[in-house]
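Engineer: One structure, pasted below without further comment.
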Amino acid sequence: MTPLLLSVLALLGLALYIFWVEPLSVLPVLERLTPNLTYRIPSRHRLVALSFDDGPHPTFTPKVLDILQQHNAHATFFLIGERALRHPELVALIKAAGHEVANHYFTNGSLLLHSDADFVRHLEQTEQALGIAAGPKFFRPPGGVARPSQLRLARARGYECMLGSAYPHDPLHPPVWYIRWLVTKNLVPGTIVIFHDGISNPTRTMQALPQILAAGHRRGLRFVSIGTLRVAAEKPHAAEMAEK
């Protein structure tokens, strides 16, 4: 086996390790390489942010809301604009339960080939569909990928561009034990968890969710929306209120 092949295999192994294990130690590197993206919001307080992507879904979103209510947890729902227009009652239900809605673009698919003008139009269409008006505004590009120019355009319109620091790849339908293990090991103050309620079958996520919430509570963590985590990081007194 040649040195070049060994190097390629080593790099592939490292990439797979980072992809599936998501060690928190790589976050500083990612943050330096992509300063326009937020992966976590460091906090002195024991707060963790939950988020759910690709909804609203008429079957699964209400079930996720029930689980969150049972465990006194709150979350940010990154909603797809065209789906929100089809199910405005679910958008209202999310808000009425005390959760936060955020922008996940108007369509579910890569936006890399969209022009800047189309990008802004779809971003604003989604904002209108969700009724986002005041307070912190968050955007998560579909698939977690956007052009630098698109991220700049989102920021210019008041959005913070969010990814996360605990993502169990639930659209790939890994086992429940993996979802539980990956998220639980990364539960530290300031973590942003990425789940999906709008995929074709998030039942494994919903099976793991109560166990994850219980594990976090045993550690003294409180599950909040990203907006609450952001405000708490900037205003310590707000953080103290969120923890009560």
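Ordered as shown in the structure tokens, chains take letters A, B, and onward, while each chain numbers its residues from 1 and ligands are numbered from 1 in the order shown.
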Skipping near chain neighbours, those fewer than 2 positions away, what residues fall within 12 Å of Ala146 (chain A) using only C-alpha atoms, listed as a PyMOL selection string?
Structural biologist: chain A and resi 34+36-37+104-105+109-116+119+139-144+148-154+161-163
Engineer: So that I can see what lies close to Lys137 (chain A), please list as a PyMOL selection string the residues with an atom at most 9 Å from it, counting only C-alpha atoms and leaving out residues fewer than 6 positions away in the same chain.
Structural biologist: chain A and resi 101-103+158-161+227
Engineer: Please return as a list in words: the residues of region 169-212 of chain A that backbone DSSP assigns to alpha helix (DSSP H).
Structural biologist: Val176, Trp177, Tyr178, Ile179, Arg180, Trp181, Leu182, Val183, Thr184, Lys185, Thr203, Arg204, Thr205, Met206, Gln207, Ala208, Leu209, Pro210, Gln211 and Ile212 of chain A
Engineer: Output as a PDB file with N, CA and C atoms, in the first residue's frame all residues of region 22-209 of chain A that backbone DSSP marks as strand (DSSP E).
Structural biologist:
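Everything below was put into part_16.pdb:
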ATOM      1  N   LEU A  47     -28.272  25.945  29.836  1.00  0.00           N
ATOM      2  CA  LEU A  47     -29.313  25.989  28.822  1.00  0.00           C
ATOM      3  C   LEU A  47     -28.830  25.306  27.552  1.00  0.00           C
ATOM      4  N   VAL A  48     -29.713  24.528  26.937  1.00  0.00           N
ATOM      5  CA  VAL A  48     -29.459  23.852  25.667  1.00  0.00           C
ATOM      6  C   VAL A  48     -30.613  24.197  24.732  1.00  0.00           C
ATOM      7  N   ALA A  49     -30.315  24.465  23.465  1.00  0.00           N
ATOM      8  CA  ALA A  49     -31.358  24.799  22.501  1.00  0.00           C
ATOM      9  C   ALA A  49     -31.710  23.584  21.649  1.00  0.00           C
ATOM     10  N   LEU A  50     -33.000  23.330  21.528  1.00  0.00           N
ATOM     11  CA  LEU A  50     -33.512  22.289  20.634  1.00  0.00           C
ATOM     12  C   LEU A  50     -34.000  22.936  19.340  1.00  0.00           C
ATOM     13  N   SER A  51     -33.829  22.242  18.220  1.00  0.00           N
ATOM     14  CA  SER A  51     -34.410  22.723  16.973  1.00  0.00           C
ATOM     15  C   SER A  51     -34.894  21.543  16.142  1.00  0.00           C
ATOM     16  N   PHE A  52     -35.931  21.812  15.358  1.00  0.00           N
ATOM     17  CA  PHE A  52     -36.533  20.802  14.491  1.00  0.00           C
ATOM     18  C   PHE A  52     -36.684  21.397  13.091  1.00  0.00           C
ATOM     19  N   ASP A  53     -36.279  20.636  12.088  1.00  0.00           N
ATOM     20  CA  ASP A  53     -36.237  21.121  10.704  1.00  0.00           C
ATOM     21  C   ASP A  53     -37.305  20.464   9.830  1.00  0.00           C
ATOM     22  N   ASP A  54     -37.595  21.158   8.730  1.00  0.00           N
ATOM     23  CA  ASP A  54     -38.331  20.635   7.567  1.00  0.00           C
ATOM     24  C   ASP A  54     -39.840  20.571   7.755  1.00  0.00           C
ATOM     25  N   GLY A  55     -40.376  21.027   8.862  1.00  0.00           N
ATOM     26  CA  GLY A  55     -41.814  21.031   9.050  1.00  0.00           C
ATOM     27  C   GLY A  55     -42.439  22.276   8.430  1.00  0.00           C
ATOM     28  N   ALA A  75     -38.489  24.688  21.966  1.00  0.00           N
ATOM     29  CA  ALA A  75     -37.635  24.464  20.804  1.00  0.00           C
ATOM     30  C   ALA A  75     -37.861  25.544  19.759  1.00  0.00           C
ATOM     31  N   THR A  76     -36.974  25.557  18.789  1.00  0.00           N
ATOM     32  CA  THR A  76     -37.109  26.388  17.594  1.00  0.00           C
ATOM     33  C   THR A  76     -37.440  25.475  16.425  1.00  0.00           C
ATOM     34  N   PHE A  77     -38.499  25.790  15.706  1.00  0.00           N
ATOM     35  CA  PHE A  77     -38.902  25.006  14.546  1.00  0.00           C
ATOM     36  C   PHE A  77     -38.512  25.771  13.276  1.00  0.00           C
ATOM     37  N   PHE A  78     -37.533  25.216  12.550  1.00  0.00           N
ATOM     38  CA  PHE A  78     -37.117  25.793  11.271  1.00  0.00           C
ATOM     39  C   PHE A  78     -38.062  25.260  10.204  1.00  0.00           C
ATOM     40  N   LEU A  79     -38.975  26.121   9.756  1.00  0.00           N
ATOM     41  CA  LEU A  79     -40.063  25.703   8.889  1.00  0.00           C
ATOM     42  C   LEU A  79     -39.797  26.075   7.441  1.00  0.00           C
ATOM     43  N   GLU A 100     -40.633  28.659  19.156  1.00  0.00           N
ATOM     44  CA  GLU A 100     -40.157  29.683  18.226  1.00  0.00           C
ATOM     45  C   GLU A 100     -40.173  29.123  16.815  1.00  0.00           C
ATOM     46  N   VAL A 101     -40.512  29.973  15.838  1.00  0.00           N
ATOM     47  CA  VAL A 101     -40.427  29.566  14.438  1.00  0.00           C
ATOM     48  C   VAL A 101     -39.267  30.319  13.794  1.00  0.00           C
ATOM     49  N   ALA A 102     -38.611  29.659  12.839  1.00  0.00           N
ATOM     50  CA  ALA A 102     -37.451  30.239  12.172  1.00  0.00           C
ATOM     51  C   ALA A 102     -37.461  29.825  10.709  1.00  0.00           C
ATOM     52  N   ASN A 103     -36.618  30.477   9.929  1.00  0.00           N
ATOM     53  CA  ASN A 103     -36.648  30.395   8.472  1.00  0.00           C
ATOM     54  C   ASN A 103     -35.769  29.252   7.959  1.00  0.00           C
ATOM     55  N   LYS A 137     -33.880  36.712  14.712  1.00  0.00           N
ATOM     56  CA  LYS A 137     -34.320  35.976  13.525  1.00  0.00           C
ATOM     57  C   LYS A 137     -33.220  35.003  13.131  1.00  0.00           C
ATOM     58  N   PHE A 138     -33.619  33.764  12.851  1.00  0.00           N
ATOM     59  CA  PHE A 138     -32.643  32.719  12.548  1.00  0.00           C
ATOM     60  C   PHE A 138     -32.968  32.070  11.209  1.00  0.00           C
ATOM     61  N   PHE A 139     -31.887  31.763  10.460  1.00  0.00           N
ATOM     62  CA  PHE A 139     -32.006  31.090   9.168  1.00  0.00           C
ATOM     63  C   PHE A 139     -31.085  29.881   9.166  1.00  0.00           C
ATOM     64  N   TYR A 159     -30.835  38.228   9.838  1.00  0.00           N
ATOM     65  CA  TYR A 159     -30.812  36.825  10.240  1.00  0.00           C
ATOM     66  C   TYR A 159     -29.444  36.410  10.775  1.00  0.00           C
ATOM     67  N   GLU A 160     -29.467  35.583  11.804  1.00  0.00           N
ATOM     68  CA  GLU A 160     -28.272  34.854  12.206  1.00  0.00           C
ATOM     69  C   GLU A 160     -28.360  33.472  11.570  1.00  0.00           C
ATOM     70  N   CYS A 161     -27.308  33.052  10.912  1.00  0.00           N
ATOM     71  CA  CYS A 161     -27.315  31.786  10.170  1.00  0.00           C
ATOM     72  C   CYS A 161     -26.849  30.670  11.083  1.00  0.00           C
ATOM     73  N   ILE A 192     -26.569  23.475  20.494  1.00  0.00           N
ATOM     74  CA  ILE A 192     -27.751  23.571  19.637  1.00  0.00           C
ATOM     75  C   ILE A 192     -27.968  22.207  18.999  1.00  0.00           C
ATOM     76  N   VAL A 193     -29.106  21.598  19.292  1.00  0.00           N
ATOM     77  CA  VAL A 193     -29.433  20.259  18.798  1.00  0.00           C
ATOM     78  C   VAL A 193     -30.283  20.392  17.537  1.00  0.00           C
ATOM     79  N   ILE A 194     -29.948  19.603  16.523  1.00  0.00           N
ATOM     80  CA  ILE A 194     -30.723  19.589  15.277  1.00  0.00           C
ATOM     81  C   ILE A 194     -31.453  18.252  15.150  1.00  0.00           C
ATOM     82  N   PHE A 195     -32.789  18.324  15.130  1.00  0.00           N
ATOM     83  CA  PHE A 195     -33.632  17.172  14.818  1.00  0.00           C
ATOM     84  C   PHE A 195     -34.467  17.515  13.584  1.00  0.00           C
ATOM     85  N   HIS A 196     -35.237  16.545  13.114  1.00  0.00           N
ATOM     86  CA  HIS A 196     -36.157  16.766  11.997  1.00  0.00           C
ATOM     87  C   HIS A 196     -37.532  16.200  12.349  1.00  0.00           C
TER      88      HIS A 196
END
Engineer: What does the distance between CA of Leu14 (chain A) and CA of Thr184 (chain A) come to in Å, to one decimal place?
Structural biologist: 21.8 Å
Engineer: From the set A:Ile179, A:Ala133, A:Val26, A:Leu12, which residue has the shortest atom-to-atom contact distance to Gln207 (chain A), counting only C-alpha atoms?
Structural biologist: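 So, comparing all the options, the nearest one is A:Ile179.
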